[in-house]
file final24.txt (compact mmCIF, C-alpha atoms and all ligand atoms)
# COMPACT_ATOMS: atom_id res chain seq x y z
CA MET M 24 94.52 270.79 110.41
CA CYS M 25 95.47 274.25 109.28
CA SER M 26 93.58 277.48 109.02
CA LEU M 27 94.17 280.13 106.41
CA ARG M 28 92.75 283.55 106.79
CA CYS M 29 92.16 286.00 103.97
CA SER M 30 90.86 289.54 104.16
CA GLN M 31 87.23 288.50 103.76
CA CYS M 32 86.89 284.99 105.06
CA CYS M 33 88.44 282.19 107.04
CA VAL M 34 89.17 279.13 104.96
CA ARG M 35 89.82 275.90 106.81
CA LEU M 36 91.66 273.08 105.14
CA GLY M 37 90.65 269.90 106.95
CA SER M 38 93.20 267.26 107.88
CA SER M 39 91.14 264.73 105.92
CA ASN M 40 92.28 266.40 102.71
CA VAL M 41 95.28 264.56 101.36
CA PHE M 42 97.07 266.79 98.90
CA HIS M 43 99.44 265.64 96.23
CA SER M 44 102.74 267.44 96.65
CA GLU M 45 102.10 269.19 93.35
CA LEU M 46 98.78 270.52 94.57
CA ARG M 47 100.36 271.62 97.80
CA ASP M 48 102.93 273.55 95.78
CA LYS M 49 100.11 275.38 94.05
CA LEU M 50 98.55 276.43 97.30
CA GLY M 51 100.47 279.69 97.29
CA LEU M 52 98.86 280.55 93.95
CA VAL M 53 95.46 279.67 95.32
CA LEU M 54 95.90 281.87 98.33
CA GLY M 55 96.96 284.77 96.14
CA HIS M 56 93.66 284.52 94.32
CA LEU M 57 91.76 283.92 97.53
CA ARG M 58 92.75 287.30 98.87
CA SER M 59 90.85 289.01 96.11
CA GLN M 60 87.79 286.74 96.15
CA LYS M 61 84.63 286.39 98.18
CA THR M 62 83.60 283.13 99.82
CA GLY M 63 81.06 280.94 98.12
CA TYR M 64 82.65 281.16 94.69
CA SER M 65 84.79 278.77 92.76
CA TRP M 66 87.29 279.54 90.07
CA PHE M 67 89.83 277.77 87.96
CA LEU M 68 93.53 278.00 88.36
CA PRO M 69 95.83 276.68 85.67
CA ASP M 70 95.70 273.12 86.89
CA ILE M 71 93.48 272.85 89.93
CA THR M 72 90.07 273.93 91.02
CA PHE M 73 89.72 275.63 94.35
CA GLU M 74 86.31 275.97 95.91
CA THR M 75 85.29 277.81 99.01
CA GLN M 76 82.14 276.53 100.56
CA GLY M 77 81.07 278.70 103.44
CA LYS M 78 83.98 278.39 105.81
CA GLY M 79 85.28 275.08 104.50
CA ALA M 80 87.49 274.60 101.52
CA LYS M 81 88.61 271.83 99.25
CA LEU M 82 91.13 271.37 96.49
CA GLN M 83 90.39 269.15 93.54
CA CYS M 84 92.58 267.78 90.79
CA MET M 85 91.65 269.22 87.45
CA GLN M 86 88.92 267.29 85.71
CA ARG M 87 88.56 266.47 82.02
CA GLY M 88 85.33 268.44 82.17
CA ASP M 89 87.35 271.59 82.94
CA VAL M 90 89.22 271.29 79.64
CA VAL M 91 86.00 270.55 77.75
CA ALA M 92 84.24 273.51 79.39
CA PHE M 93 87.11 275.78 78.33
CA LEU M 94 86.91 274.54 74.74
CA ALA M 95 83.11 274.77 74.68
CA GLU M 96 83.37 278.39 75.74
CA ARG M 97 85.76 279.18 72.87
CA PHE M 98 83.90 277.05 70.32
CA PRO M 99 80.29 276.83 71.52
CA PRO M 100 78.54 273.52 70.74
CA SER M 101 75.47 275.56 69.77
CA LEU M 102 77.36 276.60 66.62
CA ALA M 103 77.47 273.01 65.32
CA GLU M 104 75.83 272.34 61.98
CA PRO M 105 72.60 270.30 62.40
CA TRP M 106 74.16 267.26 60.73
CA ASP M 107 77.28 267.32 62.84
CA ARG M 108 78.06 265.03 65.78
CA SER M 109 80.46 267.25 67.69
CA GLY M 110 80.79 267.03 71.44
CA LEU M 111 81.49 264.25 73.88
CA GLN M 112 81.96 260.97 72.05
CA VAL M 113 83.16 258.70 74.82
CA GLY M 114 83.19 259.51 78.55
CA PRO M 115 83.71 259.93 81.36
CA LEU M 116 84.39 263.65 81.80
CA GLN M 117 84.16 263.66 85.58
CA ALA M 118 87.59 262.15 86.11
CA PRO M 119 91.04 263.58 86.76
CA CYS M 120 92.98 264.95 83.83
CA GLN M 121 96.75 265.05 83.53
CA THR M 122 97.39 264.22 79.88
CA VAL M 123 95.48 265.49 76.86
CA ALA M 124 96.06 264.42 73.26
CA VAL M 125 94.98 266.54 70.28
CA ALA M 126 94.49 265.05 66.81
CA LEU M 127 92.67 265.85 63.60
CA ASP M 128 91.16 262.33 63.60
CA PHE M 129 91.25 259.33 65.87
CA ASP M 130 93.52 257.42 63.45
CA LEU M 131 94.22 253.74 64.06
CA HIS M 132 97.75 254.48 65.26
CA TRP M 133 96.24 256.07 68.39
CA THR M 134 95.10 252.61 69.51
CA SER M 135 98.74 251.82 70.35
CA CYS M 136 99.53 255.05 72.20
CA LEU M 137 96.44 256.01 74.19
CA GLU M 138 97.63 254.49 77.46
CA GLY M 139 97.93 257.29 80.01
CA VAL M 140 95.92 259.74 77.91
CA ASP M 141 92.93 261.05 79.87
CA LEU M 142 91.27 263.06 77.14
CA LEU M 143 91.58 262.85 73.36
CA ILE M 144 90.39 265.96 71.52
CA THR M 145 89.73 265.50 67.82
CA HIS M 146 88.41 267.69 65.05
CA HIS M 147 86.40 265.07 63.19
CA PRO M 148 83.97 263.03 65.34
CA LEU M 149 84.80 259.37 65.84
CA LEU M 150 81.10 258.51 66.03
CA PHE M 151 79.29 260.14 63.16
CA ARG M 152 76.57 257.76 61.99
CA PRO M 153 74.32 255.82 64.40
CA LEU M 154 75.95 252.55 65.47
CA LYS M 155 74.22 249.22 64.97
CA GLN M 156 77.12 247.01 66.03
CA VAL M 157 80.45 247.33 67.79
CA LEU M 158 82.75 244.65 66.44
CA PRO M 159 86.30 244.53 67.81
CA GLU M 160 87.70 243.33 64.47
CA THR M 161 86.63 246.56 62.73
CA PRO M 162 88.73 249.77 62.95
CA LEU M 163 85.91 251.60 64.75
CA GLY M 164 85.46 248.70 67.18
CA GLN M 165 89.20 248.70 67.92
CA LYS M 166 89.18 252.42 68.56
CA LEU M 167 86.19 252.25 70.91
CA ALA M 168 87.66 249.25 72.73
CA THR M 169 90.94 251.15 73.21
CA LEU M 170 89.20 254.20 74.61
CA LEU M 171 87.23 252.06 77.04
CA ARG M 172 90.24 249.90 78.00
CA TYR M 173 92.32 252.95 78.99
CA GLY M 174 89.36 254.96 80.28
CA THR M 175 90.19 257.76 77.81
CA ALA M 176 87.46 260.29 77.12
CA CYS M 177 87.03 261.50 73.55
CA TYR M 178 85.67 264.92 72.61
CA ALA M 179 85.21 266.29 69.09
CA ILE M 180 85.10 269.98 68.08
CA HIS M 181 84.15 269.77 64.45
CA THR M 182 81.90 272.43 62.94
CA PRO M 183 81.94 274.68 66.04
CA TYR M 184 85.70 275.02 65.41
CA ASP M 185 85.15 275.56 61.69
CA VAL M 186 82.69 278.42 62.11
CA ALA M 187 83.46 280.10 65.45
CA GLN M 188 85.23 283.41 65.82
CA GLY M 189 88.84 282.50 66.48
CA GLY M 190 88.43 279.08 64.85
CA LEU M 191 89.82 277.46 61.72
CA GLY M 192 88.78 280.21 59.29
CA GLU M 193 90.60 282.88 61.25
CA VAL M 194 93.65 280.69 61.80
CA LEU M 195 93.93 280.20 58.01
CA ALA M 196 93.30 283.89 57.30
CA GLU M 197 96.08 284.75 59.73
CA MET M 198 98.45 282.35 58.00
CA LEU M 199 97.75 284.27 54.79
CA GLY M 200 98.25 287.61 56.54
CA LEU M 201 94.77 288.82 55.53
CA VAL M 202 93.29 292.02 56.96
CA ASN M 203 89.64 293.14 57.16
CA VAL M 204 88.72 289.50 57.72
CA ARG M 205 85.06 288.45 57.84
CA PRO M 206 83.16 285.18 57.52
CA LEU M 207 82.48 283.94 54.02
CA ALA M 208 79.12 282.45 54.97
CA PRO M 209 78.19 284.64 57.94
CA ARG M 210 75.77 283.60 60.61
CA GLY M 211 75.04 284.46 64.20
CA ARG M 212 72.21 285.61 66.44
CA LEU M 213 72.30 288.63 68.68
CA LEU M 214 70.19 289.34 71.75
CA LYS M 215 69.62 292.58 73.59
CA LEU M 216 70.15 292.54 77.34
CA VAL M 217 68.65 295.31 79.45
CA VAL M 218 69.53 295.36 83.14
CA TYR M 219 68.66 297.85 85.86
CA ILE M 220 71.57 298.65 88.19
CA PRO M 221 71.91 300.96 91.21
CA THR M 222 74.01 303.91 90.08
CA ASP M 223 77.10 303.13 92.18
CA HIS M 224 77.40 299.61 90.74
CA VAL M 225 76.96 300.33 87.02
CA ASP M 226 80.62 300.16 86.05
CA GLY M 227 81.27 296.95 87.97
CA VAL M 228 78.29 295.16 86.40
CA ALA M 229 79.10 296.53 82.94
CA GLN M 230 82.71 295.33 83.12
CA ALA M 231 81.51 291.86 84.19
CA LEU M 232 79.09 291.74 81.23
CA PHE M 233 81.80 292.83 78.78
CA ALA M 234 84.29 290.31 80.16
CA ALA M 235 81.73 287.55 79.65
CA GLY M 236 81.24 288.43 75.97
CA ALA M 237 78.60 291.18 75.85
CA GLY M 238 78.89 294.56 74.13
CA ARG M 239 80.87 293.82 70.98
CA ILE M 240 79.79 295.48 67.73
CA GLY M 241 82.21 294.93 64.84
CA ARG M 242 85.61 296.18 65.96
CA TYR M 243 84.18 297.98 68.99
CA GLY M 244 84.04 296.41 72.41
CA HIS M 245 82.35 297.59 75.64
CA CYS M 246 79.33 298.94 73.72
CA SER M 247 76.38 299.90 75.91
CA PHE M 248 73.72 302.56 76.33
CA ARG M 249 72.93 303.89 79.77
CA ALA M 250 69.99 305.99 80.93
CA ALA M 251 69.35 307.12 84.47
CA GLY M 252 65.99 306.62 86.16
CA THR M 253 64.29 305.46 89.30
CA GLY M 254 63.74 301.84 90.25
CA THR M 255 61.05 300.91 92.75
CA PHE M 256 60.43 297.77 94.76
CA LEU M 257 58.80 296.59 97.96
CA PRO M 258 60.72 293.79 99.71
CA GLU M 259 58.36 291.11 101.02
CA GLU M 260 58.71 288.80 104.01
CA GLY M 261 61.81 286.61 103.63
CA ALA M 262 63.58 289.00 101.25
CA HIS M 263 67.09 290.28 102.01
CA PRO M 264 67.19 293.61 100.17
CA PHE M 265 70.52 295.22 99.33
CA VAL M 266 68.89 298.59 100.07
CA GLY M 267 65.73 299.30 102.01
CA GLN M 268 63.69 297.23 104.45
CA VAL M 269 61.07 294.53 104.32
CA GLY M 270 57.60 296.00 103.99
CA GLN M 271 58.77 299.43 102.86
CA GLU M 272 58.56 300.66 99.28
CA GLU M 273 61.95 301.83 98.03
CA HIS M 274 62.80 304.34 95.29
CA VAL M 275 66.38 303.91 94.14
CA ALA M 276 68.49 305.84 91.63
CA GLU M 277 69.25 303.23 88.97
CA VAL M 278 70.68 303.06 85.48
CA ARG M 279 69.04 301.16 82.65
CA LEU M 280 71.99 299.57 80.86
CA GLU M 281 71.47 298.09 77.41
CA THR M 282 74.00 295.96 75.63
CA ILE M 283 74.21 293.33 72.96
CA VAL M 284 74.95 289.64 73.54
CA PRO M 285 75.71 286.84 71.04
CA ALA M 286 73.10 284.13 71.68
CA GLU M 287 75.72 281.51 72.50
CA ARG M 288 77.19 283.77 75.21
CA LEU M 289 73.88 284.50 76.96
CA ALA M 290 74.23 281.94 79.78
CA ALA M 291 77.77 283.11 80.63
CA VAL M 292 76.75 286.77 80.45
CA LEU M 293 73.72 286.26 82.72
CA ALA M 294 75.86 284.33 85.21
CA ALA M 295 78.41 287.17 85.24
CA MET M 296 75.59 289.71 85.64
CA ARG M 297 74.13 287.89 88.66
CA THR M 298 77.55 287.62 90.29
CA ALA M 299 78.43 291.29 89.83
CA HIS M 300 74.98 292.77 90.54
CA PRO M 301 74.39 293.64 94.19
CA TYR M 302 70.63 292.89 94.22
CA GLU M 303 69.15 289.65 95.51
CA GLU M 304 66.72 289.67 92.57
CA VAL M 305 68.14 291.24 89.43
CA ALA M 306 65.63 292.99 87.14
CA TYR M 307 66.64 292.32 83.54
CA ASP M 308 65.11 291.62 80.13
CA VAL M 309 66.42 289.68 77.14
CA TYR M 310 65.06 290.67 73.72
CA ALA M 311 65.33 288.78 70.43
CA LEU M 312 66.71 290.94 67.59
CA GLU M 313 66.35 290.94 63.83
CA ASN M 314 69.80 292.50 63.28
CA GLU M 315 72.23 290.67 61.05
CA ALA M 316 75.10 289.33 63.10
CA PRO M 317 78.04 288.16 61.00
CA LEU M 318 79.85 286.85 64.07
CA HIS M 319 80.66 283.35 62.92
CA GLY M 320 80.49 281.31 59.75
CA LEU M 321 82.39 279.00 57.46
CA GLY M 322 85.39 280.36 55.61
CA ARG M 323 86.88 283.82 55.74
CA VAL M 324 87.48 286.56 53.20
CA GLY M 325 89.92 289.40 53.59
CA ASP M 326 92.53 291.53 51.85
CA LEU M 327 96.25 291.07 51.43
CA PRO M 328 98.21 294.06 52.75
CA MET M 329 99.95 294.18 49.34
CA PRO M 330 98.68 292.75 46.05
CA ALA M 331 100.51 289.65 44.81
CA SER M 332 100.14 287.13 42.02
CA ALA M 333 97.67 284.30 42.74
CA GLY M 334 100.45 281.75 42.23
CA GLU M 335 102.68 283.50 44.73
CA VAL M 336 99.91 283.60 47.37
CA ALA M 337 99.18 279.91 46.82
CA GLU M 338 102.88 279.15 47.25
CA ARG M 339 103.09 281.11 50.50
CA PHE M 340 99.97 279.37 51.82
CA ALA M 341 101.37 275.93 50.98
CA GLN M 342 104.56 276.83 52.79
CA ALA M 343 102.61 277.93 55.87
CA LEU M 344 100.55 274.72 55.80
CA GLY M 345 103.64 272.58 55.24
CA CYS M 346 102.28 270.92 52.12
CA SER M 347 103.13 270.89 48.44
CA VAL M 348 101.87 273.64 46.13
CA PRO M 349 98.77 272.52 44.24
CA ARG M 350 97.89 273.40 40.66
CA VAL M 351 96.51 276.92 40.52
CA GLU M 352 93.49 276.99 38.25
CA GLY M 353 92.40 280.05 36.32
CA GLU M 354 95.07 282.72 35.88
CA PRO M 355 97.99 282.01 38.25
CA THR M 356 99.72 285.23 37.19
CA LYS M 357 96.71 287.41 37.99
CA GLU M 358 97.46 290.03 40.61
CA VAL M 359 95.05 289.58 43.52
CA ARG M 360 94.27 291.51 46.65
CA ARG M 361 91.07 289.99 48.03
CA VAL M 362 91.42 286.35 49.01
CA ALA M 363 88.85 283.87 50.36
CA VAL M 364 89.81 280.74 52.25
CA CYS M 365 87.87 277.77 53.61
CA GLY M 366 89.51 274.76 55.28
CA GLY M 367 88.27 271.23 54.59
CA SER M 368 85.50 270.74 52.11
CA GLY M 369 84.75 274.22 50.81
CA GLY M 370 83.76 273.62 47.20
CA GLU M 371 80.26 275.05 47.47
CA LEU M 372 81.45 278.28 49.02
CA TRP M 373 83.10 279.51 45.83
CA ARG M 374 79.94 281.50 45.03
CA ALA M 375 80.12 283.28 48.38
CA ALA M 376 83.81 283.97 47.70
CA HIS M 377 82.96 285.41 44.30
CA ALA M 378 80.09 287.48 45.71
CA ALA M 379 82.40 288.88 48.39
CA GLY M 380 84.71 290.20 45.67
CA ALA M 381 87.47 287.63 46.18
CA GLU M 382 89.84 287.16 43.25
CA LEU M 383 91.50 284.04 44.66
CA TYR M 384 89.81 281.15 46.48
CA LEU M 385 91.87 278.69 48.53
CA THR M 386 90.22 275.60 49.97
CA GLY M 387 90.80 271.99 50.98
CA GLU M 388 88.42 270.11 48.73
CA MET M 389 86.45 271.13 45.67
CA GLY M 390 84.61 269.01 43.12
CA TYR M 391 85.37 269.20 39.40
CA HIS M 392 82.16 271.02 38.46
CA HIS M 393 82.56 273.61 41.19
CA ARG M 394 86.14 274.26 40.00
CA CYS M 395 85.01 274.73 36.42
CA ALA M 396 82.18 277.07 37.38
CA ALA M 397 84.41 279.12 39.72
CA VAL M 398 87.14 279.55 37.08
CA GLU M 399 84.54 280.46 34.45
CA ALA M 400 83.24 283.13 36.83
CA GLY M 401 86.75 284.63 36.94
CA LEU M 402 88.05 283.25 40.24
CA VAL M 403 91.53 281.82 40.56
CA VAL M 404 91.28 278.59 42.56
CA ALA M 405 93.80 276.42 44.43
CA VAL M 406 92.84 273.23 46.30
CA PHE M 407 95.29 272.14 49.01
CA GLY M 408 93.68 269.00 50.48
CA HIS M 409 91.15 268.42 53.24
CA ARG M 410 93.66 267.22 55.83
CA GLU M 411 96.26 269.82 54.86
CA THR M 412 93.92 272.76 55.42
CA GLU M 413 92.50 271.43 58.70
CA ARG M 414 95.78 270.27 60.15
CA PRO M 415 96.38 273.68 61.87
CA PHE M 416 93.62 272.56 64.29
CA VAL M 417 96.11 270.36 66.12
CA ASP M 418 98.72 273.02 66.86
CA HIS M 419 96.09 275.64 67.60
CA ILE M 420 94.05 273.59 70.08
CA ALA M 421 97.16 272.12 71.71
CA ARG M 422 98.51 275.65 72.21
CA LEU M 423 95.22 276.97 73.64
CA VAL M 424 94.93 274.06 76.09
CA ALA M 425 98.60 274.26 77.13
CA GLU M 426 98.36 278.01 77.72
CA ARG M 427 95.18 277.70 79.78
CA PHE M 428 96.29 274.63 81.73
CA PRO M 429 100.10 274.83 81.97
CA ALA M 430 100.40 271.80 84.26
CA LEU M 431 98.76 269.50 81.71
CA LYS M 432 100.83 267.30 79.47
CA VAL M 433 99.60 267.98 75.93
CA VAL M 434 100.44 265.48 73.18
CA LYS M 435 99.93 266.25 69.49
CA GLY M 436 98.98 263.57 67.01
ZN ZN S 501 87.11 268.17 57.86

call {"tool": "encode", "arguments": {"input": "final24.txt", "output": "structure tokens", "more": "lines below"}}
Ligand SMILES: [Zn+2]
result
Amino acid sequence: MCSLRCSQCCVRLGSSNVFHSELRDKLGLVLGHLRSQKTGYSWFLPDITFETQGKGAKLQCMQRGDVVAFLAERFPPSLAEPWDRSGLQVGPLQAPCQTVAVALDFDLHWTSCLEGVDLLITHHPLLFRPLKQVLPETPLGQKLATLLRYGTACYAIHTPYDVAQGGLGEVLAEMLGLVNVRPLAPRGRLLKLVVYIPTDHVDGVAQALFAAGAGRIGRYGHCSFRAAGTGTFLPEEGAHPFVGQVGQEEHVAEVRLETIVPAERLAAVLAAMRTAHPYEEVAYDVYALENEAPLHGLGRVGDLPMPASAGEVAERFAQALGCSVPRVEGEPTKEVRRVAVCGGSGGELWRAAHAAGAELYLTGEMGYHHRCAAVEAGLVVAVFGHRETERPFVDHIARLVAERFPALKVVKG
């Protein structure tokens, strides 16, 4: 039995807790965080979860669900196209996680190397159409049997990765060195959050809201409007007011803080608000907005820092992707500045590329008729292959997971 005291609480680690030596080594890290935290909260460290519960404490090995929660925050499942089957394909998630594999697809070769892998993250979903049979002699049956045999969970981030801010479109735009990047087929929904905060706590609550994803308008962060006023309330029996007393009407100097929240961030923002706000009952309102919100969307369009010939740009992109240079259709020698890009199957987006003023459109797959129509409209087009343009998913996701969870073993497929 040992007791550890921080500035705000006493945390007791019971003798019944058996720590792996690795976890014990991380205890110093935990305690560093503990000094700056209140009791009753939990937070994630790179590879373990530490929870304080009243005056008791427990350490847990990292769970697969922790990795999935991290990815779902970056690439919210709510952004999935209606036809998509992203998300958890095969469980369980509530199990320890030491090794994660990242792949574009669950190819058959994975069936011989999944042993020891706790979580397989793929771009394309393994289960896409409803199953009627699971036959072990079929490729799908073999894959499912392998996952179940080794107890490996499988999670797909398909269209949420394609459309989210910081997803595939932006990775490809970065490879091209584009600036002024915006979605080719923009979509997104904004909400207005209004919260009433006692004057002394405004900055703390505002910072918590911003950190959780509120207050971003274009290239401006921390956007809010604040107006001072008076809040009133009468605490009833059983209430534990932060200011005032039960049975006595209070008038408090408060600030009405307004900010903007992407719909998919609302739950995280409200949770952050409740944690940072001193009141037992937080007075807040969420309003639906009609504003356009080009936050996410398939494809990206942007400008090259310096104009270059379409053929040269296509060559540079192929080099960055590590694939061969495809035939450039239209005028390969045309000097271009505005370039649109869409990984995977982006044939139909050529019209959006044209409408956005792009001179060159780079994509993974494009049907014959779309190519003809795009070239006739004056676009220069180069098609690099579905797999080739989505392959950056593997390095990108593996890097994000490894950076967030440094103790994890991350395997790329
Ligand atoms: Zn794809």

call {"tool": "closest_atom_pairs", "arguments": {"input": "final24.txt", "of": "chain M", "to": "ligand ZN 501 (chain S)", "cutoff": "10 Å", "atoms": "all atoms listed in the file", "output": "CSV"}}
result
residue,atom,partner,partner_atom,distance
M:Leu127,CA,S:ZN501,ZN,8.3
M:Asp128,CA,S:ZN501,ZN,9.1
M:His146,CA,S:ZN501,ZN,7.3
M:His147,CA,S:ZN501,ZN,6.2
M:Pro148,CA,S:ZN501,ZN,9.6
M:His181,CA,S:ZN501,ZN,7.4
M:Thr182,CA,S:ZN501,ZN,8.4
M:Asp185,CA,S:ZN501,ZN,8.6
M:Gly366,CA,S:ZN501,ZN,7.5
M:Gly367,CA,S:ZN501,ZN,4.6
M:Ser368,CA,S:ZN501,ZN,6.5
M:Gly369,CA,S:ZN501,ZN,9.6
M:Gly387,CA,S:ZN501,ZN,8.7
M:Glu388,CA,S:ZN501,ZN,9.4
M:Gly408,CA,S:ZN501,ZN,9.9
M:His409,CA,S:ZN501,ZN,6.1
M:Arg410,CA,S:ZN501,ZN,6.9
M:Glu411,CA,S:ZN501,ZN,9.8
M:Thr412,CA,S:ZN501,ZN,8.6
M:Glu413,CA,S:ZN501,ZN,6.4
M:Arg414,CA,S:ZN501,ZN,9.2

call {"tool": "residues_near_point", "arguments": {"input": "final24.txt", "point": "(87.6, 251.3, 80.2)", "cutoff": "12 Å", "atoms": "only C-alpha atoms", "output": "number ranges by chain"}}
result
M: 113-115, 137-139, 141, 166-176

call {"tool": "write_last_selection", "arguments": {"input": "final24.txt", "atoms": "C-alpha atoms", "output": "compact mmCIF listing (two decimals), in the frame of the given file"}}
result
# COMPACT_ATOMS: atom_id res chain seq x y z
CA VAL M 113 83.16 258.70 74.82
CA GLY M 114 83.19 259.51 78.55
CA PRO M 115 83.71 259.93 81.36
CA LEU M 137 96.44 256.01 74.19
CA GLU M 138 97.63 254.49 77.46
CA GLY M 139 97.93 257.29 80.01
CA ASP M 141 92.93 261.05 79.87
CA LYS M 166 89.18 252.42 68.56
CA LEU M 167 86.19 252.25 70.91
CA ALA M 168 87.66 249.25 72.73
CA THR M 169 90.94 251.15 73.21
CA LEU M 170 89.20 254.20 74.61
CA LEU M 171 87.23 252.06 77.04
CA ARG M 172 90.24 249.90 78.00
CA TYR M 173 92.32 252.95 78.99
CA GLY M 174 89.36 254.96 80.28
CA THR M 175 90.19 257.76 77.81
CA ALA M 176 87.46 260.29 77.12

call {"tool": "closest_residue", "arguments": {"input": "final24.txt", "among": "M:Ile220, M:Ala343, M:Ile283, M:Ala95", "to": "M:Gly200", "atoms": "only C-alpha atoms"}}
result
M:Ala343

call {"tool": "atom_distance", "arguments": {"input": "final24.txt", "atom1": "atom CA of M:Asp308", "atom2": "atom CA of M:Leu216"}}
result
5.8 Å

call {"tool": "atom_distance", "arguments": {"input": "final24.txt", "atom1": "atom CA of M:Ala381", "atom2": "atom CA of M:Gly190"}}
result
20.6 Å

call {"tool": "decode", "arguments": {"input": "final24.txt", "residues": "stretch 237-253 of chain M", "atoms": "N, CA and C atoms", "output": "mmCIF file, in the first residue's frame"}}
result
data_model
loop_
_atom_site.group_PDB
_atom_site.id
_atom_site.type_symbol
_atom_site.label_atom_id
_atom_site.label_comp_id
_atom_site.auth_asym_id
_atom_site.auth_seq_id
_atom_site.Cartn_x
_atom_site.Cartn_y
_atom_site.Cartn_z
ATOM 1 N N ALA M 237 -14.360 25.051 -30.486
ATOM 2 C CA ALA M 237 -15.283 26.163 -30.755
ATOM 3 C C ALA M 237 -14.500 27.389 -31.229
ATOM 4 N N GLY M 238 -15.218 28.330 -31.856
ATOM 5 C CA GLY M 238 -14.657 29.648 -32.117
ATOM 6 C C GLY M 238 -13.732 29.785 -33.306
ATOM 7 N N ARG M 239 -13.875 28.905 -34.297
ATOM 8 C CA ARG M 239 -13.014 29.035 -35.484
ATOM 9 C C ARG M 239 -13.839 29.543 -36.659
ATOM 10 N N ILE M 240 -13.431 30.657 -37.239
ATOM 11 C CA ILE M 240 -14.074 31.196 -38.441
ATOM 12 C C ILE M 240 -12.977 31.407 -39.480
ATOM 13 N N GLY M 241 -12.997 30.603 -40.536
ATOM 14 C CA GLY M 241 -11.947 30.684 -41.559
ATOM 15 C C GLY M 241 -10.582 30.498 -40.928
ATOM 16 N N ARG M 242 -9.700 31.469 -41.145
ATOM 17 C CA ARG M 242 -8.346 31.343 -40.592
ATOM 18 C C ARG M 242 -8.217 32.043 -39.248
ATOM 19 N N TYR M 243 -9.348 32.296 -38.588
ATOM 20 C CA TYR M 243 -9.309 32.949 -37.282
ATOM 21 C C TYR M 243 -9.808 31.990 -36.211
ATOM 22 N N GLY M 244 -9.014 31.830 -35.182
ATOM 23 C CA GLY M 244 -9.430 31.020 -34.047
ATOM 24 C C GLY M 244 -9.855 31.922 -32.895
ATOM 25 N N HIS M 245 -10.340 31.314 -31.820
ATOM 26 C CA HIS M 245 -10.719 32.019 -30.587
ATOM 27 C C HIS M 245 -11.736 33.133 -30.852
ATOM 28 N N CYS M 246 -12.658 32.930 -31.790
ATOM 29 C CA CYS M 246 -13.655 33.958 -32.098
ATOM 30 C C CYS M 246 -14.810 33.863 -31.093
ATOM 31 N N SER M 247 -15.145 34.993 -30.498
ATOM 32 C CA SER M 247 -16.287 35.022 -29.582
ATOM 33 C C SER M 247 -16.802 36.447 -29.513
ATOM 34 N N PHE M 248 -17.999 36.602 -28.977
ATOM 35 C CA PHE M 248 -18.527 37.933 -28.665
ATOM 36 C C PHE M 248 -18.949 37.894 -27.207
ATOM 37 N N ARG M 249 -18.621 38.940 -26.476
ATOM 38 C CA ARG M 249 -18.895 38.939 -25.045
ATOM 39 C C ARG M 249 -19.618 40.227 -24.651
ATOM 40 N N ALA M 250 -20.694 40.086 -23.909
ATOM 41 C CA ALA M 250 -21.441 41.255 -23.431
ATOM 42 C C ALA M 250 -21.746 41.060 -21.957
ATOM 43 N N ALA M 251 -21.483 42.121 -21.192
ATOM 44 C CA ALA M 251 -21.685 42.029 -19.745
ATOM 45 C C ALA M 251 -23.155 42.230 -19.388
ATOM 46 N N GLY M 252 -23.579 41.614 -18.315
ATOM 47 C CA GLY M 252 -24.957 41.769 -17.849
ATOM 48 C C GLY M 252 -25.099 41.210 -16.451
ATOM 49 N N THR M 253 -26.328 40.999 -16.062
ATOM 50 C CA THR M 253 -26.582 40.475 -14.722
ATOM 51 C C THR M 253 -27.360 39.176 -14.825
#
